[in-house]
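Dumped work-v4.txt below, it's compact mmCIF, C-alpha atoms (C1' of nucleotides):
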# COMPACT_ATOMS: atom_id res chain seq x y z
CA MET Y 147 55.82 130.82 -111.15
CA ARG Y 148 55.25 131.49 -114.84
CA GLU Y 149 55.00 135.01 -116.16
CA PHE Y 150 51.85 134.21 -118.08
CA TYR Y 151 49.58 131.51 -119.38
CA THR Y 152 47.59 131.04 -122.56
CA ILE Y 153 43.88 130.53 -122.45
CA THR Y 154 44.01 126.81 -123.22
CA GLU Y 155 46.61 126.18 -120.53
CA LEU Y 156 44.21 127.60 -117.99
CA THR Y 157 41.20 125.77 -119.39
CA LYS Y 158 43.12 122.54 -118.88
CA GLU Y 159 44.22 123.48 -115.40
CA PHE Y 160 40.72 124.45 -114.26
CA GLY Y 161 38.68 122.07 -116.37
CA VAL Y 162 36.62 124.75 -118.08
CA SER Y 163 36.17 125.79 -121.73
CA THR Y 164 37.66 128.79 -123.48
CA ARG Y 165 34.10 130.02 -123.86
CA THR Y 166 33.81 130.08 -120.10
CA LEU Y 167 36.96 132.14 -119.57
CA ARG Y 168 35.93 134.58 -122.29
CA PHE Y 169 32.48 134.78 -120.74
CA TYR Y 170 33.98 135.66 -117.36
CA GLU Y 171 35.94 138.36 -119.09
CA ASP Y 172 32.79 139.76 -120.72
CA GLU Y 173 31.22 139.73 -117.28
CA GLY Y 174 34.09 141.80 -115.93
CA LEU Y 175 35.52 139.15 -113.63
CA ILE Y 176 38.98 138.98 -115.22
CA GLN Y 177 41.01 141.25 -117.48
CA PRO Y 178 43.91 139.38 -119.04
CA PHE Y 179 46.17 141.64 -121.03
CA ARG Y 180 46.65 141.20 -124.76
CA ARG Y 181 49.52 140.65 -127.11
CA GLY Y 182 47.84 141.72 -130.33
CA ARG Y 183 44.39 140.16 -129.97
CA THR Y 184 45.60 137.15 -128.05
CA ARG Y 185 44.81 136.95 -124.35
CA LEU Y 186 47.66 136.45 -121.92
CA TYR Y 187 46.86 135.60 -118.32
CA ARG Y 188 49.19 136.65 -115.52
CA PRO Y 189 49.51 134.87 -112.17
CA ALA Y 190 47.09 137.40 -110.71
CA ASP Y 191 44.48 136.49 -113.34
CA ARG Y 192 45.10 132.83 -112.60
CA HIS Y 193 44.50 133.45 -108.92
CA LEU Y 194 41.30 135.29 -109.73
CA ILE Y 195 40.10 132.30 -111.72
CA LYS Y 196 40.88 130.11 -108.73
CA GLN Y 197 38.65 132.37 -106.62
CA ILE Y 198 35.92 132.30 -109.24
CA MET Y 199 35.94 128.50 -109.26
CA ARG Y 200 35.71 128.42 -105.49
CA GLY Y 201 32.77 130.78 -105.63
CA LYS Y 202 31.07 128.62 -108.22
CA ARG Y 203 31.51 125.45 -106.18
CA LEU Y 204 29.93 127.27 -103.24
CA GLY Y 205 26.91 128.14 -105.36
CA PHE Y 206 27.50 131.85 -105.83
CA SER Y 207 26.23 133.48 -109.02
CA ILE Y 208 28.50 135.38 -111.39
CA ALA Y 209 27.10 138.64 -110.02
CA GLU Y 210 27.85 137.61 -106.45
CA ILE Y 211 31.32 136.45 -107.38
CA ARG Y 212 31.93 139.79 -109.07
CA ASP Y 213 30.90 141.50 -105.84
CA ILE Y 214 33.21 139.34 -103.77
CA ILE Y 215 36.11 139.92 -106.13
CA GLN Y 216 35.58 143.67 -105.90
CA MET Y 217 36.06 143.40 -102.17
CA TYR Y 218 39.45 141.78 -102.59
CA ARG Y 219 40.67 144.62 -104.79
CA GLU Y 220 42.75 147.44 -103.37
CA PRO Y 221 40.68 149.38 -100.88
CA PRO Y 222 39.77 152.79 -102.29
CA GLY Y 223 40.71 156.02 -100.61
CA GLU Y 224 37.52 157.21 -99.05
CA GLY Y 225 36.55 156.46 -95.48
CA GLY Y 226 32.82 156.03 -96.01
CA GLN Y 227 33.42 153.60 -98.83
CA LEU Y 228 35.72 151.55 -96.64
CA LYS Y 229 33.00 151.20 -94.05
CA THR Y 230 30.57 150.11 -96.76
CA ILE Y 231 33.03 147.48 -97.92
CA ILE Y 232 33.54 146.19 -94.40
CA ALA Y 233 29.79 145.94 -94.00
CA LYS Y 234 29.57 143.94 -97.23
CA ILE Y 235 32.36 141.67 -96.07
CA GLU Y 236 30.43 140.99 -92.89
CA GLU Y 237 27.35 140.15 -94.98
CA ARG Y 238 29.26 137.63 -97.07
CA ARG Y 239 30.78 136.16 -93.97
CA GLU Y 240 27.32 135.57 -92.56
CA GLU Y 241 26.26 133.90 -95.80
CA LEU Y 242 29.30 131.66 -95.64
CA ARG Y 243 28.55 130.76 -92.04
CA GLN Y 244 25.06 129.76 -93.12
CA LYS Y 245 26.55 127.61 -95.83
CA ARG Y 246 28.82 126.02 -93.25
CA ARG Y 247 25.87 125.15 -91.06
CA ASP Y 248 24.10 123.71 -94.11
CA LEU Y 249 27.19 121.73 -94.89
CA GLU Y 250 27.57 120.26 -91.41
CA GLU Y 251 23.90 119.32 -91.28
CA THR Y 252 24.09 117.67 -94.67
CA LEU Y 253 27.17 115.74 -93.62
CA ALA Y 254 25.37 114.62 -90.47
CA GLU Y 255 22.41 113.40 -92.51
CA LEU Y 256 24.72 111.49 -94.80
CA ASP Y 257 26.28 109.84 -91.75
CA ARG Y 258 22.85 108.77 -90.58
CA ALA Y 259 21.97 107.47 -94.02
CA GLU Y 260 25.17 105.44 -94.12
CA GLU Y 261 24.47 104.08 -90.64
CA ALA Y 262 21.07 102.92 -91.82
CA CYS Y 263 22.60 101.23 -94.85
CA LEU Y 264 25.21 99.45 -92.75
CA GLU Y 265 22.61 98.25 -90.27
CA ARG Y 266 20.40 97.02 -93.06
CA MET Y 267 23.36 95.16 -94.53
CA ALA Y 268 24.14 93.55 -91.19
CA GLU Y 269 20.51 92.42 -90.96
CA LEU Y 270 20.82 90.87 -94.39
CA GLY Y 271 24.13 89.27 -93.47
CA VAL Y 272 25.91 91.04 -96.32
CA SER Y 273 29.67 91.37 -95.88
CA THR Y 274 30.86 94.96 -95.67
CA MET X 81 4.19 119.80 -84.53
CA ARG X 82 1.31 120.42 -86.94
CA GLU X 83 -0.29 117.57 -88.81
CA PHE X 84 -0.05 119.44 -92.10
CA TYR X 85 0.58 122.73 -93.80
CA THR X 86 -0.90 124.48 -96.81
CA ILE X 87 1.27 125.53 -99.69
CA THR X 88 1.25 129.23 -98.81
CA GLU X 89 2.20 128.54 -95.21
CA LEU X 90 5.31 126.80 -96.43
CA THR X 91 6.13 129.42 -99.06
CA LYS X 92 6.11 131.99 -96.27
CA GLU X 93 8.23 129.85 -93.99
CA PHE X 94 10.86 129.13 -96.63
CA GLY X 95 10.67 132.33 -98.61
CA VAL X 96 9.85 130.68 -101.93
CA SER X 97 6.91 130.94 -104.33
CA THR X 98 4.14 128.43 -104.82
CA ARG X 99 5.50 127.99 -108.33
CA THR X 100 8.74 126.77 -106.80
CA LEU X 101 7.11 124.18 -104.57
CA ARG X 102 4.99 122.92 -107.47
CA PHE X 103 8.08 122.82 -109.61
CA TYR X 104 9.86 120.68 -107.04
CA GLU X 105 6.87 118.39 -107.04
CA ASP X 106 6.96 118.09 -110.84
CA GLU X 107 10.65 117.27 -110.50
CA GLY X 108 9.83 114.46 -108.10
CA LEU X 109 11.44 115.99 -105.03
CA ILE X 110 8.30 116.10 -102.89
CA GLN X 111 4.93 114.36 -102.93
CA PRO X 112 2.44 116.14 -100.71
CA PHE X 113 -0.85 114.30 -100.46
CA ARG X 114 -4.10 115.81 -101.65
CA ARG X 115 -7.44 116.56 -100.17
CA GLY X 116 -9.44 116.90 -103.34
CA ARG X 117 -7.05 118.75 -105.59
CA THR X 118 -5.50 120.79 -102.84
CA ARG X 119 -1.97 119.94 -101.73
CA LEU X 120 -1.38 119.21 -98.07
CA TYR X 121 2.16 119.00 -96.77
CA ARG X 122 3.02 116.75 -93.85
CA PRO X 123 5.93 117.31 -91.48
CA ALA X 124 7.96 114.86 -93.55
CA ASP X 125 7.36 116.97 -96.66
CA ARG X 126 8.32 120.04 -94.72
CA HIS X 127 11.55 118.41 -93.65
CA LEU X 128 12.27 117.46 -97.24
CA ILE X 129 11.83 121.07 -98.28
CA LYS X 130 14.28 122.05 -95.58
CA GLN X 131 16.80 119.63 -97.07
CA ILE X 132 16.12 120.96 -100.57
CA MET X 133 16.79 124.52 -99.42
CA ARG X 134 20.03 123.45 -97.79
CA GLY X 135 21.07 121.76 -101.00
CA LYS X 136 20.23 124.87 -102.98
CA ARG X 137 22.23 127.13 -100.71
CA LEU X 138 25.19 124.78 -101.15
CA GLY X 139 24.93 125.09 -104.91
CA PHE X 140 23.55 121.66 -105.75
CA SER X 141 21.32 121.33 -108.79
CA ILE X 142 17.81 119.91 -108.59
CA ALA X 143 19.10 116.66 -110.09
CA GLU X 144 21.82 116.40 -107.46
CA ILE X 145 19.40 117.22 -104.70
CA ARG X 146 17.08 114.52 -105.98
CA ASP X 147 19.99 112.09 -105.82
CA ILE X 148 20.84 113.09 -102.28
CA ILE X 149 17.24 112.81 -101.18
CA GLN X 150 17.02 109.32 -102.62
CA MET X 151 19.90 108.34 -100.37
CA TYR X 152 18.02 109.43 -97.28
CA ARG X 153 15.06 107.26 -98.16
CA GLU X 154 14.59 103.86 -96.62
CA PRO X 155 17.42 101.58 -97.69
CA PRO X 156 16.14 98.99 -100.18
CA GLY X 157 16.46 95.30 -99.62
CA GLU X 158 19.23 94.22 -101.88
CA GLY X 159 22.85 93.93 -100.76
CA GLY X 160 24.50 95.12 -103.97
CA GLN X 161 22.30 98.20 -104.06
CA LEU X 162 23.20 99.06 -100.50
CA LYS X 163 26.89 99.02 -101.40
CA THR X 164 26.15 101.30 -104.36
CA ILE X 165 24.35 103.71 -102.10
CA ILE X 166 27.18 103.75 -99.60
CA ALA X 167 29.60 104.50 -102.43
CA LYS X 168 27.40 107.40 -103.53
CA ILE X 169 27.25 108.70 -100.00
CA GLU X 170 31.03 108.69 -99.86
CA GLU X 171 31.13 110.64 -103.14
CA ARG X 172 28.80 113.32 -101.81
CA ARG X 173 30.80 113.49 -98.63
CA GLU X 174 33.96 114.18 -100.63
CA GLU X 175 32.15 116.93 -102.55
CA LEU X 176 31.02 118.48 -99.30
CA ARG X 177 34.55 118.34 -97.90
CA GLN X 178 35.74 120.20 -101.00
CA LYS X 179 33.05 122.80 -100.43
CA ARG X 180 34.21 123.11 -96.83
CA ARG X 181 37.78 123.76 -97.96
CA ASP X 182 36.48 126.35 -100.43
CA LEU X 183 34.48 127.91 -97.65
CA GLU X 184 37.37 128.16 -95.23
CA GLU X 185 39.63 129.64 -97.90
CA THR X 186 37.01 132.19 -98.86
CA LEU X 187 36.51 133.14 -95.23
CA ALA X 188 40.27 133.55 -94.85
CA GLU X 189 40.39 135.83 -97.88
CA LEU X 190 37.56 137.91 -96.50
CA ASP X 191 39.50 138.23 -93.25
CA ARG X 192 42.50 139.50 -95.17
CA ALA X 193 40.36 141.92 -97.16
CA GLU X 194 38.88 143.29 -93.95
CA GLU X 195 42.34 143.63 -92.43
CA ALA X 196 43.42 145.66 -95.46
CA CYS X 197 40.38 147.90 -95.11
CA LEU X 198 40.98 148.47 -91.41
CA GLU X 199 44.63 149.29 -91.98
CA ARG X 200 43.74 151.69 -94.74
CA MET X 201 41.22 153.36 -92.47
CA ALA X 202 43.82 153.71 -89.73
CA GLU X 203 46.14 155.33 -92.26
CA LEU X 204 43.43 157.77 -93.17
CA GLY X 205 42.66 158.41 -89.52
CA VAL X 206 39.07 157.28 -89.96
CA SER X 207 37.38 156.19 -86.76
CA THR X 208 36.32 152.57 -86.79
C1' DC B 158 53.38 127.72 -149.59
C1' DA B 159 50.29 124.91 -147.12
C1' DT B 160 48.94 122.59 -143.24
C1' DA B 161 48.17 122.34 -138.37
C1' DA B 162 47.34 124.13 -134.18
C1' DC B 163 46.37 127.61 -132.00
C1' DC B 164 43.79 132.07 -131.27
C1' DT B 165 39.96 135.63 -132.30
C1' DT B 166 34.95 137.73 -132.66
C1' DT B 167 30.00 137.35 -133.52
C1' DA B 168 25.85 135.26 -133.15
C1' DC B 169 22.51 132.09 -132.18
C1' DG B 170 21.05 127.97 -129.23
C1' DT B 171 20.00 125.69 -124.92
C1' DA B 172 19.19 123.67 -120.23
C1' DA B 173 17.96 124.76 -115.59
C1' DA B 174 15.17 127.07 -112.44
C1' DA B 175 12.04 129.47 -111.77
C1' DG B 176 8.66 134.04 -112.85
C1' DT B 177 4.34 135.55 -114.68
C1' DC B 178 -0.21 135.41 -116.23
C1' DA B 179 -4.76 133.37 -117.33
C1' DA B 180 -8.68 130.80 -116.55
C1' DA B 181 -10.97 127.55 -113.85
C1' DT B 182 -12.28 125.65 -109.35
C1' DA B 183 -12.83 124.95 -104.25
C1' DG B 184 -13.60 126.10 -99.58
C1' DG B 185 -15.16 129.06 -95.96
C1' DC B 186 -18.27 132.40 -94.18
C1' DC B 187 -22.16 135.80 -93.87
C1' DG C 160 -26.76 131.08 -102.50
C1' DG C 161 -23.25 134.65 -103.21
C1' DC C 162 -18.91 136.44 -102.44
C1' DC C 163 -14.12 136.32 -101.36
C1' DT C 164 -9.83 134.33 -101.05
C1' DA C 165 -6.82 130.44 -101.81
C1' DT C 166 -5.58 126.95 -104.93
C1' DT C 167 -5.28 124.52 -109.20
C1' DT C 168 -3.42 123.56 -113.95
C1' DG C 169 -1.28 125.19 -118.12
C1' DA C 170 1.25 127.92 -121.00
C1' DC C 171 4.39 131.30 -122.07
C1' DT C 172 8.54 134.19 -120.59
C1' DT C 173 12.86 135.24 -118.42
C1' DT C 174 17.49 134.86 -116.46
C1' DT C 175 21.80 132.63 -115.90
C1' DA C 176 25.66 130.36 -117.56
C1' DC C 177 27.39 128.80 -120.67
C1' DG C 178 27.57 125.47 -125.63
C1' DT C 179 28.20 125.53 -130.39
C1' DA C 180 28.95 126.89 -134.98
C1' DA C 181 30.63 130.17 -138.46
C1' DA C 182 34.24 132.67 -140.32
C1' DG C 183 38.52 134.09 -140.05
C1' DG C 184 43.52 135.91 -137.98
C1' DT C 185 48.44 134.17 -136.36
C1' DT C 186 52.39 131.37 -135.79
C1' DA C 187 55.41 127.40 -136.40
C1' DT C 188 56.81 123.48 -139.09
C1' DG C 189 57.81 120.58 -143.03
Go ahead and render the structure in this file as structure tokens.
Amino acid sequence: MREFYTITELTKEFGVSTRTLRFYEDEGLIQPFRRGRTRLYRPADRHLIKQIMRGKRLGFSIAEIRDIIQMYREPPGEGGQLKTIIAKIEERREELRQKRRDLEETLAELDRAEEACLERMAELGVST
Amino acid sequence: MREFYTITELTKEFGVSTRTLRFYEDEGLIQPFRRGRTRLYRPADRHLIKQIMRGKRLGFSIAEIRDIIQMYREPPGEGGQLKTIIAKIEERREELRQKRRDLEETLAELDRAEEACLERMAELGVST
DNA sequence: CATAACCTTTACGTAAAAGTCAAATAGGCC
DNA sequence: GGCCTATTTGACTTTTACGTAAAGGTTATG
């Protein structure tokens, strides 16, 4: 576990541009610390980027990802706020469950499409 | 099962604007037939829209959705093409599996975040 | 010292996916 | 026929998520 990473190291690891990482910083998703003007990313920042990438692959917008990330942060002190956060977590969970249903249905349709292709190939006497 | 639907019926059902459905038509995703100039959507078109919405929720672009939709269409006659399609299906499947992993990991993190909230609330003596 | 290989900010550009608005037309009903 | 509402096309605008270029600071190496 490295103590920190430079911006280009992370761009290579995650397959994104430096522009992208700086953009996420502007958007308040990550806050690498600085040595002079140069950004240095700690393991925690790296993990955040991993979460951002996951969110992106799942089709969440930057704003939504920001929201999700906020929920991972240390829970604040006030009881009412905690309940609000839990409610938000439940909302996200429901969204993710919807995505899971979408995913399973899409996989099922792909299976059917493949079936149809294989059958058609058998009809044509094409070797698999 | 209705024989067809008007554009506004479908916008209400799917929670999108008429602009969106016309946009999808321009993009070649759907081809409702016309009575005069008016669009009429058949059950097959409706099902296509359902697939488009699923794709959108999963974060696919219009171009990707178009690709996926093409794969559902009747398999063409030529053997080489069928193999190409099957290869594409396998690609999409792998993408979807990645999304599923992302999904499960995100759900797990939400669970942990909720745990932390609940613990913190217990500490504070807040009633659940 | 100069060259390379990094890093920085600032600013403008762009593609995708619609939103919005206008003006024209069509269909249904009294 | 007249009116109302739904629908059409077309054009312009907006938002998101970056890309790209300009102009320059920093550090290591020969």
Mind doing a quick least-squares superposition of chain X onto chain Y, all C-alpha atoms paired one-to-one in order, and writing it out as an mmCIF file with C-alpha atoms, keeping the file's coordinate frame?
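After the write, superposed.cif holds the following:
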data_model
loop_
_atom_site.group_PDB
_atom_site.id
_atom_site.type_symbol
_atom_site.label_atom_id
_atom_site.label_comp_id
_atom_site.auth_asym_id
_atom_site.auth_seq_id
_atom_site.Cartn_x
_atom_site.Cartn_y
_atom_site.Cartn_z
ATOM 1 C CA MET X 81 55.714 130.642 -111.029
ATOM 2 C CA ARG X 82 55.183 131.295 -114.741
ATOM 3 C CA GLU X 83 54.983 134.811 -116.074
ATOM 4 C CA PHE X 84 51.829 134.018 -118.023
ATOM 5 C CA TYR X 85 49.537 131.344 -119.330
ATOM 6 C CA THR X 86 47.564 130.877 -122.524
ATOM 7 C CA ILE X 87 43.841 130.392 -122.438
ATOM 8 C CA THR X 88 43.959 126.662 -123.173
ATOM 9 C CA GLU X 89 46.528 126.049 -120.459
ATOM 10 C CA LEU X 90 44.130 127.508 -117.947
ATOM 11 C CA THR X 91 41.081 125.711 -119.335
ATOM 12 C CA LYS X 92 42.963 122.459 -118.810
ATOM 13 C CA GLU X 93 44.053 123.402 -115.318
ATOM 14 C CA PHE X 94 40.574 124.421 -114.193
ATOM 15 C CA GLY X 95 38.510 122.059 -116.280
ATOM 16 C CA VAL X 96 36.493 124.756 -118.033
ATOM 17 C CA SER X 97 36.062 125.754 -121.679
ATOM 18 C CA THR X 98 37.576 128.736 -123.419
ATOM 19 C CA ARG X 99 34.020 129.978 -123.841
ATOM 20 C CA THR X 100 33.732 130.092 -120.069
ATOM 21 C CA LEU X 101 36.885 132.124 -119.548
ATOM 22 C CA ARG X 102 35.852 134.554 -122.289
ATOM 23 C CA PHE X 103 32.433 134.761 -120.738
ATOM 24 C CA TYR X 104 33.946 135.675 -117.387
ATOM 25 C CA GLU X 105 35.946 138.340 -119.143
ATOM 26 C CA ASP X 106 32.815 139.760 -120.791
ATOM 27 C CA GLU X 107 31.236 139.783 -117.340
ATOM 28 C CA GLY X 108 34.127 141.828 -116.003
ATOM 29 C CA LEU X 109 35.531 139.182 -113.683
ATOM 30 C CA ILE X 110 38.976 138.974 -115.279
ATOM 31 C CA GLN X 111 41.056 141.202 -117.535
ATOM 32 C CA PRO X 112 43.936 139.294 -119.071
ATOM 33 C CA PHE X 113 46.229 141.513 -121.093
ATOM 34 C CA ARG X 114 46.754 141.026 -124.800
ATOM 35 C CA ARG X 115 49.656 140.455 -127.072
ATOM 36 C CA GLY X 116 48.068 141.448 -130.337
ATOM 37 C CA ARG X 117 44.612 139.983 -130.015
ATOM 38 C CA THR X 118 45.699 136.967 -128.054
ATOM 39 C CA ARG X 119 44.846 136.811 -124.357
ATOM 40 C CA LEU X 120 47.666 136.280 -121.899
ATOM 41 C CA TYR X 121 46.857 135.466 -118.300
ATOM 42 C CA ARG X 122 49.175 136.536 -115.505
ATOM 43 C CA PRO X 123 49.460 134.785 -112.151
ATOM 44 C CA ALA X 124 47.065 137.356 -110.715
ATOM 45 C CA ASP X 125 44.474 136.429 -113.344
ATOM 46 C CA ARG X 126 45.041 132.797 -112.572
ATOM 47 C CA HIS X 127 44.448 133.436 -108.902
ATOM 48 C CA LEU X 128 41.258 135.292 -109.732
ATOM 49 C CA ILE X 129 40.035 132.304 -111.702
ATOM 50 C CA LYS X 130 40.772 130.139 -108.698
ATOM 51 C CA GLN X 131 38.585 132.420 -106.591
ATOM 52 C CA ILE X 132 35.845 132.357 -109.232
ATOM 53 C CA MET X 133 35.836 128.556 -109.227
ATOM 54 C CA ARG X 134 35.606 128.499 -105.453
ATOM 55 C CA GLY X 135 32.679 130.877 -105.611
ATOM 56 C CA LYS X 136 30.982 128.712 -108.205
ATOM 57 C CA ARG X 137 31.394 125.557 -106.171
ATOM 58 C CA LEU X 138 29.822 127.377 -103.222
ATOM 59 C CA GLY X 139 26.812 128.275 -105.327
ATOM 60 C CA PHE X 140 27.439 131.983 -105.808
ATOM 61 C CA SER X 141 26.195 133.604 -108.994
ATOM 62 C CA ILE X 142 28.496 135.484 -111.349
ATOM 63 C CA ALA X 143 27.104 138.760 -110.004
ATOM 64 C CA GLU X 144 27.844 137.731 -106.429
ATOM 65 C CA ILE X 145 31.291 136.545 -107.354
ATOM 66 C CA ARG X 146 31.942 139.866 -109.044
ATOM 67 C CA ASP X 147 30.906 141.587 -105.825
ATOM 68 C CA ILE X 148 33.197 139.427 -103.742
ATOM 69 C CA ILE X 149 36.098 139.981 -106.093
ATOM 70 C CA GLN X 150 35.613 143.726 -105.887
ATOM 71 C CA MET X 151 36.073 143.459 -102.141
ATOM 72 C CA TYR X 152 39.455 141.826 -102.548
ATOM 73 C CA ARG X 153 40.694 144.641 -104.735
ATOM 74 C CA GLU X 154 42.785 147.439 -103.340
ATOM 75 C CA PRO X 155 40.753 149.407 -100.820
ATOM 76 C CA PRO X 156 39.826 152.813 -102.266
ATOM 77 C CA GLY X 157 40.731 156.043 -100.599
ATOM 78 C CA GLU X 158 37.550 157.260 -99.067
ATOM 79 C CA GLY X 159 36.563 156.561 -95.464
ATOM 80 C CA GLY X 160 32.826 156.136 -96.006
ATOM 81 C CA GLN X 161 33.427 153.661 -98.807
ATOM 82 C CA LEU X 162 35.731 151.616 -96.631
ATOM 83 C CA LYS X 163 33.000 151.286 -94.012
ATOM 84 C CA THR X 164 30.579 150.179 -96.737
ATOM 85 C CA ILE X 165 33.013 147.547 -97.880
ATOM 86 C CA ILE X 166 33.536 146.258 -94.370
ATOM 87 C CA ALA X 167 29.769 145.994 -93.961
ATOM 88 C CA LYS X 168 29.568 143.995 -97.190
ATOM 89 C CA ILE X 169 32.342 141.731 -96.027
ATOM 90 C CA GLU X 170 30.414 141.040 -92.847
ATOM 91 C CA GLU X 171 27.331 140.193 -94.932
ATOM 92 C CA ARG X 172 29.240 137.684 -97.039
ATOM 93 C CA ARG X 173 30.750 136.210 -93.926
ATOM 94 C CA GLU X 174 27.277 135.622 -92.494
ATOM 95 C CA GLU X 175 26.214 133.945 -95.747
ATOM 96 C CA LEU X 176 29.246 131.701 -95.602
ATOM 97 C CA ARG X 177 28.513 130.793 -91.985
ATOM 98 C CA GLN X 178 25.003 129.786 -93.059
ATOM 99 C CA LYS X 179 26.494 127.645 -95.801
ATOM 100 C CA ARG X 180 28.782 126.059 -93.222
ATOM 101 C CA ARG X 181 25.811 125.173 -91.025
ATOM 102 C CA ASP X 182 24.046 123.724 -94.071
ATOM 103 C CA LEU X 183 27.159 121.765 -94.869
ATOM 104 C CA GLU X 184 27.548 120.293 -91.412
ATOM 105 C CA GLU X 185 23.877 119.325 -91.284
ATOM 106 C CA THR X 186 24.077 117.684 -94.683
ATOM 107 C CA LEU X 187 27.181 115.778 -93.653
ATOM 108 C CA ALA X 188 25.392 114.624 -90.504
ATOM 109 C CA GLU X 189 22.449 113.389 -92.554
ATOM 110 C CA LEU X 190 24.770 111.513 -94.864
ATOM 111 C CA ASP X 191 26.346 109.888 -91.814
ATOM 112 C CA ARG X 192 22.928 108.760 -90.654
ATOM 113 C CA ALA X 193 22.041 107.471 -94.110
ATOM 114 C CA GLU X 194 25.259 105.469 -94.216
ATOM 115 C CA GLU X 195 24.583 104.087 -90.748
ATOM 116 C CA ALA X 196 21.162 102.919 -91.931
ATOM 117 C CA CYS X 197 22.721 101.243 -94.955
ATOM 118 C CA LEU X 198 25.351 99.480 -92.870
ATOM 119 C CA GLU X 199 22.770 98.250 -90.391
ATOM 120 C CA ARG X 200 20.575 96.996 -93.180
ATOM 121 C CA MET X 201 23.531 95.180 -94.684
ATOM 122 C CA ALA X 202 24.324 93.567 -91.343
ATOM 123 C CA GLU X 203 20.713 92.415 -91.142
ATOM 124 C CA LEU X 204 21.021 90.878 -94.557
ATOM 125 C CA GLY X 205 24.340 89.303 -93.644
ATOM 126 C CA VAL X 206 26.108 91.119 -96.461
ATOM 127 C CA SER X 207 29.842 91.462 -95.987
ATOM 128 C CA THR X 208 30.995 95.046 -95.759
#
Contact set, chain Y to chain B: 12 Å, only C-alpha atoms (C1' of nucleotides), as a PyMOL selection string:
chain Y and resi 152-155+164-165+168+180-186
Which distance in Å separates atom CA of Y:Ile176 and atom CA of X:Glu185, to one decimal?
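Atom CA of Y:Ile176 sits 19.7 Å away from atom CA of X:Glu185.
Counting from atom CA of Y:Phe150, the distance to atom CA of Y:Pro189 is 6.4 Å.
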Kindly compute an axis-aligned box around the listed atoms of stretch 158-173 of chain B, allowing 6 Å on each side, and express its centre and edge lengths in Å to one decimal as lines of an AutoDock Vina configuration file.
center_x = 35.7
center_y = 130.0
center_z = -132.6
size_x = 47.4
size_y = 27.4
size_z = 46.0
Given all atoms listed in the file, how would the per-residue table for chain C near chain X read, listing every residue at most 12 Å away with its closest atom pair and distance in Å to one decimal, sorted by chain and number, as a tab-separated table?
residue	atom	partner	partner_atom	distance
C:DA165	C1'	X:Thr88	CA	8.7
C:DT166	C1'	X:Thr118	CA	6.5
C:DT167	C1'	X:Arg117	CA	7.0
C:DT168	C1'	X:Arg117	CA	10.3
Determine which residues of chain X sit within 7 Å of chain Y, taking into account all atoms listed in the file, and present them as a PyMOL selection string.
chain X and resi 134+137-139+151-152+155+159+162+166+169+173+176+179+182-183+187+190+193-194+197+201+206
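Straight-line separation from atom CA of Y:Val162 to atom CA of Y:Arg192: 12.9 Å.
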Determine, counting only C-alpha atoms (C1' of nucleotides), which protein, DNA and RNA residues have an atom within 9 Å of an atom of C:DA176; residues of the same chain fewer than 5 positions away are not included. Present the result as a list in words.
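In the requested format, the answer is Thr166, Phe169 and Ile208 of chain Y.
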Keeping C-alpha atoms for every residue in the selection just given, could you write it to a file as a compact mmCIF listing (two decimals), in the frame of the given file?
# COMPACT_ATOMS: atom_id res chain seq x y z
CA THR Y 166 33.81 130.08 -120.10
CA PHE Y 169 32.48 134.78 -120.74
CA ILE Y 208 28.50 135.38 -111.39
Complete stretch 256-265 of chain Y with N, CA and C atoms (output as a short mmCIF file (atom, residue, chain, number, x, y, z; two decimals), in the frame of the given file).
data_model
loop_
_atom_site.label_atom_id
_atom_site.label_comp_id
_atom_site.auth_asym_id
_atom_site.auth_seq_id
_atom_site.Cartn_x
_atom_site.Cartn_y
_atom_site.Cartn_z
N LEU Y 256 24.07 112.55 -94.02
CA LEU Y 256 24.72 111.49 -94.80
C LEU Y 256 25.25 110.40 -93.87
N ASP Y 257 25.81 110.83 -92.73
CA ASP Y 257 26.28 109.84 -91.75
C ASP Y 257 25.14 108.94 -91.33
N ARG Y 258 24.00 109.57 -91.01
CA ARG Y 258 22.85 108.77 -90.58
C ARG Y 258 22.40 107.82 -91.67
N ALA Y 259 22.39 108.32 -92.92
CA ALA Y 259 21.97 107.47 -94.02
C ALA Y 259 22.91 106.29 -94.17
N GLU Y 260 24.20 106.54 -94.00
CA GLU Y 260 25.17 105.44 -94.12
C GLU Y 260 24.97 104.43 -93.00
N GLU Y 261 24.80 104.94 -91.79
CA GLU Y 261 24.47 104.08 -90.64
C GLU Y 261 23.34 103.12 -91.00
N ALA Y 262 22.26 103.71 -91.49
CA ALA Y 262 21.07 102.92 -91.82
C ALA Y 262 21.41 101.85 -92.85
N CYS Y 263 22.22 102.21 -93.83
CA CYS Y 263 22.60 101.23 -94.85
C CYS Y 263 23.40 100.10 -94.22
N LEU Y 264 24.35 100.47 -93.36
CA LEU Y 264 25.21 99.45 -92.75
C LEU Y 264 24.39 98.51 -91.88
N GLU Y 265 23.48 99.09 -91.12
CA GLU Y 265 22.61 98.25 -90.27
C GLU Y 265 21.80 97.28 -91.11
#
